[in-house]
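Listing of run_23.txt; format and content: compact mmCIF, C-alpha atoms and all ligand atoms.
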# COMPACT_ATOMS: atom_id res chain seq x y z
CA MET A 1 112.23 -207.25 -202.51
CA LEU A 2 115.53 -208.16 -204.15
CA ILE A 3 117.67 -210.83 -202.46
CA ALA A 4 121.24 -211.60 -203.49
CA ILE A 5 122.27 -215.19 -202.72
CA ILE A 6 125.89 -216.32 -202.74
CA SER A 7 127.37 -219.72 -201.95
CA ASP A 8 130.54 -221.82 -201.92
CA LEU A 9 133.05 -219.01 -201.54
CA HIS A 10 135.71 -221.53 -200.53
CA ALA A 11 138.16 -218.99 -199.16
CA ASN A 12 138.54 -217.33 -202.55
CA LEU A 13 138.76 -213.72 -201.39
CA ASP A 14 139.59 -212.27 -204.81
CA ALA A 15 136.45 -213.80 -206.33
CA LEU A 16 134.36 -212.75 -203.34
CA GLN A 17 135.53 -209.13 -203.38
CA THR A 18 134.90 -208.87 -207.12
CA CYS A 19 131.37 -210.23 -206.65
CA MET A 20 130.71 -207.96 -203.67
CA ALA A 21 131.52 -204.94 -205.85
CA LYS A 22 128.87 -206.12 -208.31
CA ILE A 23 126.40 -206.79 -205.48
CA ASP A 24 126.97 -203.25 -204.18
CA GLU A 25 125.97 -201.98 -207.64
CA LEU A 26 122.83 -204.12 -207.65
CA ARG A 27 121.81 -202.79 -204.20
CA PRO A 28 119.80 -205.82 -203.01
CA ASP A 29 117.59 -205.52 -199.93
CA ASP A 30 119.16 -208.62 -198.42
CA LEU A 31 122.31 -210.73 -198.85
CA ILE A 32 122.33 -214.41 -197.94
CA CYS A 33 125.16 -216.96 -198.00
CA LEU A 34 124.43 -220.68 -198.36
CA GLY A 35 127.69 -221.89 -196.82
CA ASP A 36 131.11 -223.37 -197.62
CA MET A 37 132.88 -220.16 -196.78
CA VAL A 38 136.11 -222.10 -196.17
CA GLY A 39 137.98 -225.04 -197.70
CA TYR A 40 140.04 -225.34 -200.93
CA GLY A 41 141.11 -221.68 -201.06
CA PRO A 42 143.86 -219.51 -199.57
CA ASN A 43 141.90 -216.87 -197.56
CA PRO A 44 139.46 -218.58 -195.19
CA ARG A 45 139.53 -215.95 -192.43
CA GLU A 46 139.20 -213.04 -194.84
CA ALA A 47 136.27 -214.70 -196.62
CA LEU A 48 134.55 -215.19 -193.27
CA ASP A 49 135.20 -211.55 -192.37
CA VAL A 50 133.24 -210.45 -195.44
CA VAL A 51 130.36 -212.84 -194.80
CA MET A 52 130.13 -211.99 -191.10
CA ALA A 53 130.06 -208.26 -191.90
CA ARG A 54 127.74 -208.31 -194.89
CA CYS A 55 125.31 -211.26 -194.87
CA SER A 56 122.08 -211.23 -192.87
CA LYS A 57 121.66 -215.01 -193.02
CA VAL A 58 124.41 -217.60 -193.38
CA LEU A 59 124.20 -221.39 -193.62
CA LEU A 60 126.70 -224.00 -192.46
CA GLY A 61 128.28 -225.83 -195.40
CA ASN A 62 129.93 -229.22 -195.10
CA HIS A 63 133.41 -227.64 -195.29
CA ASP A 64 132.51 -225.16 -192.54
CA GLU A 65 131.19 -228.02 -190.44
CA ALA A 66 134.34 -230.06 -191.11
CA LEU A 67 136.40 -227.16 -189.78
CA LEU A 68 134.50 -227.44 -186.49
CA LYS A 69 134.42 -231.24 -186.40
CA GLN A 70 136.04 -233.71 -188.82
CA PRO A 71 135.79 -234.07 -192.61
CA VAL A 72 133.01 -236.45 -193.73
CA ASN A 73 133.32 -238.10 -197.18
CA PHE A 74 136.30 -235.90 -198.15
CA ASN A 75 138.80 -237.15 -200.74
CA LYS A 76 142.55 -236.69 -200.26
CA ILE A 77 142.97 -233.18 -201.74
CA PRO A 78 139.97 -231.52 -200.00
CA ARG A 79 140.88 -233.33 -196.78
CA GLU A 80 144.46 -231.97 -196.91
CA ALA A 81 143.10 -228.51 -197.75
CA LEU A 82 140.76 -228.72 -194.78
CA MET A 83 143.65 -229.71 -192.51
CA TRP A 84 145.60 -226.65 -193.70
CA THR A 85 142.47 -224.52 -193.16
CA LYS A 86 142.26 -225.78 -189.57
CA THR A 87 145.75 -224.39 -188.93
CA GLN A 88 144.50 -220.94 -189.95
CA PHE A 89 142.08 -220.91 -187.02
CA GLU A 90 144.41 -222.11 -184.29
CA GLY A 91 144.79 -219.88 -181.26
CA GLU A 92 142.56 -217.66 -179.18
CA ALA A 93 142.88 -214.77 -181.64
CA TYR A 94 140.78 -216.69 -184.17
CA ARG A 95 138.36 -218.32 -181.76
CA ARG A 96 135.61 -215.85 -182.70
CA TYR A 97 135.41 -217.33 -186.21
CA LEU A 98 134.76 -220.80 -184.83
CA ASP A 99 132.29 -219.45 -182.26
CA TYR A 100 130.42 -217.83 -185.13
CA LEU A 101 130.36 -221.01 -187.23
CA TRP A 102 128.95 -222.96 -184.26
CA THR A 103 125.86 -220.72 -184.37
CA LEU A 104 125.01 -221.66 -187.98
CA GLN A 105 122.63 -224.29 -189.37
CA PRO A 106 122.69 -226.01 -192.80
CA LEU A 107 119.00 -225.31 -193.43
CA LEU A 108 116.74 -222.29 -193.02
CA ARG A 109 113.00 -222.16 -193.78
CA GLU A 110 111.37 -218.78 -194.20
CA GLY A 111 107.83 -218.47 -195.58
CA GLU A 112 107.71 -219.76 -199.15
CA ILE A 113 111.52 -219.98 -199.35
CA VAL A 114 113.83 -222.74 -198.15
CA TYR A 115 117.58 -222.10 -198.01
CA SER A 116 119.79 -225.17 -197.83
CA HIS A 117 123.48 -225.85 -198.40
CA GLY A 118 123.08 -229.30 -200.00
CA MET A 119 120.14 -231.67 -199.80
CA LEU A 120 117.48 -230.81 -197.24
CA GLN A 121 118.40 -233.66 -194.92
CA SER A 122 122.18 -233.24 -195.14
CA ASN A 123 124.80 -230.72 -196.22
CA VAL A 124 126.98 -233.57 -197.54
CA ASN A 125 124.65 -235.28 -200.05
CA TYR A 126 124.36 -234.02 -203.63
CA VAL A 127 121.43 -233.68 -205.98
CA GLU A 128 122.61 -236.12 -208.64
CA VAL A 129 119.50 -237.45 -210.38
CA PRO A 130 116.01 -236.00 -210.93
CA GLU A 131 114.65 -238.26 -208.19
CA ASP A 132 116.79 -236.31 -205.72
CA VAL A 133 114.90 -233.14 -206.66
CA LEU A 134 111.58 -234.91 -206.18
CA PHE A 135 112.84 -236.11 -202.80
CA ILE A 136 113.39 -232.46 -201.83
CA PHE A 137 110.04 -231.29 -203.20
CA GLU A 138 108.25 -233.99 -201.21
CA ARG A 139 109.87 -232.66 -198.05
CA MET A 140 108.91 -229.04 -198.65
CA THR A 141 105.69 -227.89 -197.03
CA VAL A 142 102.69 -226.89 -199.13
CA GLN A 143 103.50 -223.21 -198.68
CA GLU A 144 107.20 -223.60 -199.54
CA ARG A 145 107.61 -222.79 -203.23
CA VAL A 146 111.32 -222.43 -203.87
CA CYS A 147 114.47 -223.98 -202.44
CA PHE A 148 117.80 -222.22 -202.96
CA ALA A 149 120.84 -224.47 -202.62
CA GLY A 150 124.58 -224.55 -203.22
CA HIS A 151 127.14 -227.32 -202.59
CA SER A 152 127.46 -228.80 -206.11
CA HIS A 153 128.95 -225.57 -207.55
CA PHE A 154 126.80 -226.22 -210.62
CA PRO A 155 124.14 -223.57 -211.30
CA CYS A 156 120.80 -224.86 -212.59
CA ILE A 157 117.07 -224.87 -211.87
CA TRP A 158 114.57 -227.71 -211.56
CA GLY A 159 110.85 -226.93 -211.61
CA LEU A 160 107.75 -229.02 -210.90
CA ARG A 161 104.56 -228.40 -212.85
CA ASP A 162 101.55 -230.75 -213.15
CA SER A 163 103.61 -233.60 -211.67
CA SER A 164 106.34 -233.20 -214.31
CA LEU A 165 109.93 -232.09 -213.70
CA TYR A 166 111.54 -229.48 -215.92
CA TYR A 167 115.25 -228.66 -216.15
CA ILE A 168 116.14 -225.02 -216.77
CA GLU A 169 119.62 -223.93 -217.82
CA ALA A 170 121.22 -221.26 -215.65
CA GLU A 171 121.53 -218.69 -218.41
CA GLU A 172 122.61 -215.15 -217.70
CA ALA A 173 120.39 -213.72 -220.41
CA GLY A 174 117.79 -212.26 -218.10
CA PRO A 175 115.36 -213.02 -215.31
CA ILE A 176 114.08 -216.61 -215.19
CA GLU A 177 110.49 -216.50 -213.98
CA LEU A 178 109.53 -219.30 -211.61
CA GLY A 179 105.87 -218.38 -211.27
CA GLU A 180 104.51 -221.11 -213.51
CA PHE A 181 106.04 -223.85 -211.33
CA GLU A 182 104.47 -225.28 -208.18
CA LYS A 183 107.92 -225.91 -206.70
CA CYS A 184 111.46 -225.01 -207.75
CA TRP A 185 114.97 -226.02 -206.75
CA VAL A 186 117.53 -223.38 -207.65
CA ASN A 187 121.26 -224.02 -207.42
CA VAL A 188 122.88 -220.61 -207.11
CA GLY A 189 126.34 -221.76 -208.26
CA SER A 190 129.68 -220.99 -206.64
CA ILE A 191 131.59 -217.78 -206.00
CA GLY A 192 134.96 -219.37 -205.32
CA GLN A 193 135.18 -222.56 -207.38
CA PRO A 194 132.65 -222.83 -210.25
CA ARG A 195 132.38 -226.34 -211.74
CA ASP A 196 130.27 -225.83 -214.87
CA ARG A 197 133.30 -225.24 -217.13
CA ASP A 198 132.83 -221.47 -216.85
CA ASN A 199 135.54 -220.12 -214.56
CA ARG A 200 133.64 -216.94 -213.71
CA SER A 201 132.08 -216.63 -210.26
CA CYS A 202 128.36 -217.24 -210.05
CA PHE A 203 125.61 -215.91 -207.79
CA ILE A 204 121.95 -215.01 -208.14
CA THR A 205 119.53 -212.27 -207.34
CA TYR A 206 115.91 -213.17 -206.64
CA ASP A 207 112.99 -210.78 -207.06
CA THR A 208 110.44 -212.02 -204.52
CA GLU A 209 107.48 -210.16 -206.09
CA LYS A 210 108.14 -211.37 -209.64
CA ARG A 211 109.45 -214.74 -208.44
CA ALA A 212 112.33 -214.25 -210.86
CA VAL A 213 115.92 -215.49 -210.66
CA THR A 214 118.81 -213.71 -212.39
CA TYR A 215 122.19 -215.43 -212.67
CA HIS A 216 125.26 -213.21 -212.53
CA ARG A 217 128.61 -214.42 -213.87
CA ILE A 218 131.60 -212.34 -212.80
CA ALA A 219 135.19 -212.67 -214.04
CA TYR A 220 137.82 -212.22 -211.34
CA ASP A 221 141.62 -212.39 -211.11
CA VAL A 222 142.10 -216.17 -211.29
CA ASP A 223 145.89 -215.74 -211.65
CA LYS A 224 146.08 -214.02 -208.27
CA THR A 225 144.12 -216.70 -206.41
CA ALA A 226 145.89 -219.54 -208.22
CA GLN A 227 149.29 -218.14 -207.27
CA LYS A 228 148.27 -217.83 -203.62
CA ILE A 229 147.21 -221.49 -203.67
CA ARG A 230 150.50 -222.58 -205.26
CA ASP A 231 152.41 -220.65 -202.59
CA ILE A 232 150.75 -222.65 -199.78
CA PRO A 233 152.26 -226.14 -199.44
CA GLY A 234 149.15 -227.44 -197.69
CA LEU A 235 146.97 -226.69 -200.74
CA ASP A 236 147.40 -229.03 -203.73
CA ASN A 237 148.23 -227.32 -207.05
CA PHE A 238 145.21 -229.03 -208.58
CA LEU A 239 143.08 -226.59 -206.57
CA ALA A 240 144.74 -223.76 -208.51
CA ASP A 241 144.50 -225.48 -211.91
CA ARG A 242 140.80 -226.25 -211.59
CA LEU A 243 139.95 -222.57 -211.10
CA TYR A 244 141.09 -221.83 -214.66
CA ARG A 245 139.02 -224.64 -216.10
CA GLY A 246 135.88 -224.13 -214.00
CA ILE A 247 135.81 -227.75 -212.85
FE FE A 301 131.29 -226.26 -201.79
FE FE A 302 129.43 -228.09 -199.81
In structure tokens, what does this structure look like?
Amino acid sequence: MLIAIISDLHANLDALQTCMAKIDELRPDDLICLGDMVGYGPNPREALDVVMARCSKVLLGNHDEALLKQPVNFNKIPREALMWTKTQFEGEAYRRYLDYLWTLQPLLREGEIVYSHGMLQSNVNYVEVPEDVLFIFERMTVQERVCFAGHSHFPCIWGLRDSSLYYIEAEEAGPIELGEFEKCWVNVGSIGQPRDRDNRSCFITYDTEKRAVTYHRIAYDVDKTAQKIRDIPGLDNFLADRLYRGI
């Protein structure tokens, strides 16, 4: 079975539509979204429309949760962007989006796979040091082999073998086989705001039989999204600039 996993769309509809065209070509059996559909970008409702129509499983990211509640640990620019995003969901006409978000969870466990937006215990915390990966592995059950996560917008893989941790670069060059590892943590990267100095969108496909991850990097019309951001006073221009630099 081939699963496509997307994350951190951040209301970047142009990036999302470009990636969906590629996903349609790949014809996965399932499409899963690890959260942060909104925040930072100019098209939060449209991004949610795509996810609600196309994804079989969707997680609640910290930006999605902040839309329902209040921002937690947000700096000035993301906080202001979130406040603008809230205005896009005001009124009964848009209530269905919020009703949908209220049904979502930040963590989903399914057989040998764990899907999580950020760390297992929170969709706010980041994996910053190798000990954070061990922390996650210790909280996976014996049968859980691989955890797919988003949130940091930085694609990479950590694997555990014979009590040692291995870091694997998220290269596009072909399937990365996880079979030799007892446990793996796979960051799928970001559709809408990549931060690994590559401004192309990132998502993965996972072959469950081969236990193999393939990273896909997709160029989209950054100019178009950046201009939309600049045209919205509630979104700081830095949010447009960073898209070009992949930071
Ligand atoms: Fe995010
Ligand atoms: Fe996040």
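Near Ser163 in chain A, within 10 Å and counting all atoms listed in the file, sit A:Leu134, A:Gly159, A:Leu160, A:Tyr166, A:Glu182, not including residues fewer than 3 positions from it in the same chain.
Distance annotation: of A:Val188, A:Met1, A:Met83, A:Ile168, the residue with the minimal separation from ligand FE 301 (chain A) is A:Val188; atom set is all atoms listed in the file.
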Separation of CA of Leu48 in chain A and CA of Gly246 in chain A, in Å?
-> 22.6 Å
All residues having an atom within 9 Å of ligand FE 301 (chain A) (all atoms listed in the file) as a count of residues only = 22
Pick from A:Val124, A:Ala47, A:Leu31, A:Ala4 nearest to ligand FE 302 (chain A), counting all atoms listed in the file = A:Val124
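CA of Pro106 in chain A is positioned 25.5 Å from CA of Glu92 in chain A.
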Nearby residues, (127.1, -206.7, -203.5) file frame, 12 Å, all atoms listed in the file, as a short mmCIF file (atom, residue, chain, number, x, y, z; two decimals) with C-alpha atoms, in the coordinates of the input:
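Output file selection15.cif is given in full below:
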data_model
loop_
_atom_site.label_atom_id
_atom_site.label_comp_id
_atom_site.auth_asym_id
_atom_site.auth_seq_id
_atom_site.Cartn_x
_atom_site.Cartn_y
_atom_site.Cartn_z
CA LEU A 2 115.53 -208.16 -204.15
CA ILE A 3 117.67 -210.83 -202.46
CA ALA A 4 121.24 -211.60 -203.49
CA ILE A 5 122.27 -215.19 -202.72
CA ILE A 6 125.89 -216.32 -202.74
CA LEU A 16 134.36 -212.75 -203.34
CA GLN A 17 135.53 -209.13 -203.38
CA THR A 18 134.90 -208.87 -207.12
CA CYS A 19 131.37 -210.23 -206.65
CA MET A 20 130.71 -207.96 -203.67
CA ALA A 21 131.52 -204.94 -205.85
CA LYS A 22 128.87 -206.12 -208.31
CA ILE A 23 126.40 -206.79 -205.48
CA ASP A 24 126.97 -203.25 -204.18
CA GLU A 25 125.97 -201.98 -207.64
CA LEU A 26 122.83 -204.12 -207.65
CA ARG A 27 121.81 -202.79 -204.20
CA PRO A 28 119.80 -205.82 -203.01
CA ASP A 29 117.59 -205.52 -199.93
CA ASP A 30 119.16 -208.62 -198.42
CA LEU A 31 122.31 -210.73 -198.85
CA ILE A 32 122.33 -214.41 -197.94
CA CYS A 33 125.16 -216.96 -198.00
CA VAL A 50 133.24 -210.45 -195.44
CA VAL A 51 130.36 -212.84 -194.80
CA ARG A 54 127.74 -208.31 -194.89
CA CYS A 55 125.31 -211.26 -194.87
CA PHE A 203 125.61 -215.91 -207.79
CA ILE A 204 121.95 -215.01 -208.14
CA THR A 205 119.53 -212.27 -207.34
CA HIS A 216 125.26 -213.21 -212.53
CA ILE A 218 131.60 -212.34 -212.80
#
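Between ligand FE 302 (chain A) and the residues A:Asn123, A:Thr103, A:Gln70, A:Thr141, the shortest atom-to-atom distance, using only C-alpha atoms and all ligand atoms, involves A:Asn123.
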Please write range 106-202 of chain A of the preceding block to a file containing C-alpha atoms, as a compact mmCIF listing (two decimals), in the first residue's frame?
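The result, written out as decode-v6.txt:
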# COMPACT_ATOMS: atom_id res chain seq x y z
CA PRO A 106 -2.81 15.89 17.19
CA LEU A 107 -1.89 12.19 17.39
CA LEU A 108 -3.11 9.04 15.66
CA ARG A 109 -1.83 5.49 16.30
CA GLU A 110 -2.55 2.83 13.72
CA GLY A 111 -0.83 -0.56 13.87
CA GLU A 112 2.91 -0.14 13.41
CA ILE A 113 2.52 3.52 12.40
CA VAL A 114 2.17 6.60 14.61
CA TYR A 115 1.14 9.90 13.05
CA SER A 116 1.86 13.01 15.08
CA HIS A 117 2.01 16.73 14.33
CA GLY A 118 4.92 17.56 16.67
CA MET A 119 6.23 15.58 19.62
CA LEU A 120 4.04 12.71 20.79
CA GLN A 121 2.98 14.48 23.97
CA SER A 122 2.34 17.90 22.42
CA ASN A 123 1.82 19.55 19.05
CA VAL A 124 3.79 22.59 20.25
CA ASN A 125 7.14 21.05 21.26
CA TYR A 126 9.89 20.45 18.68
CA VAL A 127 12.35 17.64 18.20
CA GLU A 128 15.54 19.65 18.74
CA VAL A 129 18.18 17.22 20.00
CA PRO A 130 18.68 13.46 19.53
CA GLU A 131 17.39 12.87 23.06
CA ASP A 132 14.01 14.15 21.88
CA VAL A 133 13.88 11.34 19.33
CA LEU A 134 14.75 8.79 22.00
CA PHE A 135 12.00 10.29 24.15
CA ILE A 136 9.53 9.56 21.34
CA PHE A 137 10.86 6.04 20.70
CA GLU A 138 10.50 5.21 24.40
CA ARG A 139 6.85 6.21 24.20
CA MET A 140 6.07 4.10 21.15
CA THR A 141 4.70 0.63 21.83
CA VAL A 142 6.69 -2.47 20.91
CA GLN A 143 4.63 -2.96 17.76
CA GLU A 144 4.92 0.68 16.64
CA ARG A 145 7.83 0.90 14.19
CA VAL A 146 7.61 4.29 12.52
CA CYS A 147 6.42 7.73 13.57
CA PHE A 148 5.58 10.29 10.87
CA ALA A 149 5.67 13.90 12.06
CA GLY A 150 5.59 17.47 10.77
CA HIS A 151 5.72 20.78 12.66
CA SER A 152 9.42 21.68 12.25
CA HIS A 153 9.13 22.05 8.45
CA PHE A 154 12.52 20.32 8.25
CA PRO A 155 12.51 16.94 6.48
CA CYS A 156 14.77 14.27 7.97
CA ILE A 157 14.77 10.74 9.38
CA TRP A 158 16.09 9.34 12.64
CA GLY A 159 16.46 5.58 13.04
CA LEU A 160 17.22 3.34 16.02
CA ARG A 161 19.27 0.18 15.55
CA ASP A 162 21.02 -1.85 18.28
CA SER A 163 20.51 1.00 20.77
CA SER A 164 22.24 3.51 18.46
CA LEU A 165 20.61 6.50 16.75
CA TYR A 166 21.25 7.20 13.08
CA TYR A 167 20.47 10.43 11.21
CA ILE A 168 19.38 10.05 7.59
CA GLU A 169 19.27 13.00 5.20
CA ALA A 170 15.96 13.54 3.44
CA GLU A 171 17.32 13.05 -0.06
CA GLU A 172 15.05 12.85 -3.06
CA ALA A 173 17.27 10.36 -4.83
CA GLY A 174 15.05 7.36 -4.30
CA PRO A 175 13.29 5.25 -1.70
CA ILE A 176 14.88 5.24 1.76
CA GLU A 177 14.36 1.79 3.25
CA LEU A 178 13.56 1.77 6.96
CA GLY A 179 13.51 -1.99 7.38
CA GLU A 180 16.88 -2.29 9.10
CA PHE A 181 15.78 0.00 11.95
CA GLU A 182 13.82 -1.08 15.01
CA LYS A 183 12.16 2.33 15.21
CA CYS A 184 12.11 5.40 12.95
CA TRP A 185 11.03 9.01 13.24
CA VAL A 186 10.30 10.56 9.85
CA ASN A 187 9.72 14.27 9.42
CA VAL A 188 7.75 14.65 6.20
CA GLY A 189 8.65 18.32 5.66
CA SER A 190 6.31 21.16 4.76
CA ILE A 191 4.09 21.86 1.77
CA GLY A 192 3.55 25.55 2.44
CA GLN A 193 6.67 26.89 4.17
CA PRO A 194 9.79 24.68 3.86
CA ARG A 195 12.60 25.64 6.24
CA ASP A 196 15.56 23.58 5.03
CA ARG A 197 16.82 26.30 2.65
CA ASP A 198 15.10 24.58 -0.28
CA ASN A 199 12.03 26.61 -1.20
CA ARG A 200 10.30 23.72 -2.97
CA SER A 201 7.35 22.06 -1.25
CA CYS A 202 8.06 18.75 0.44
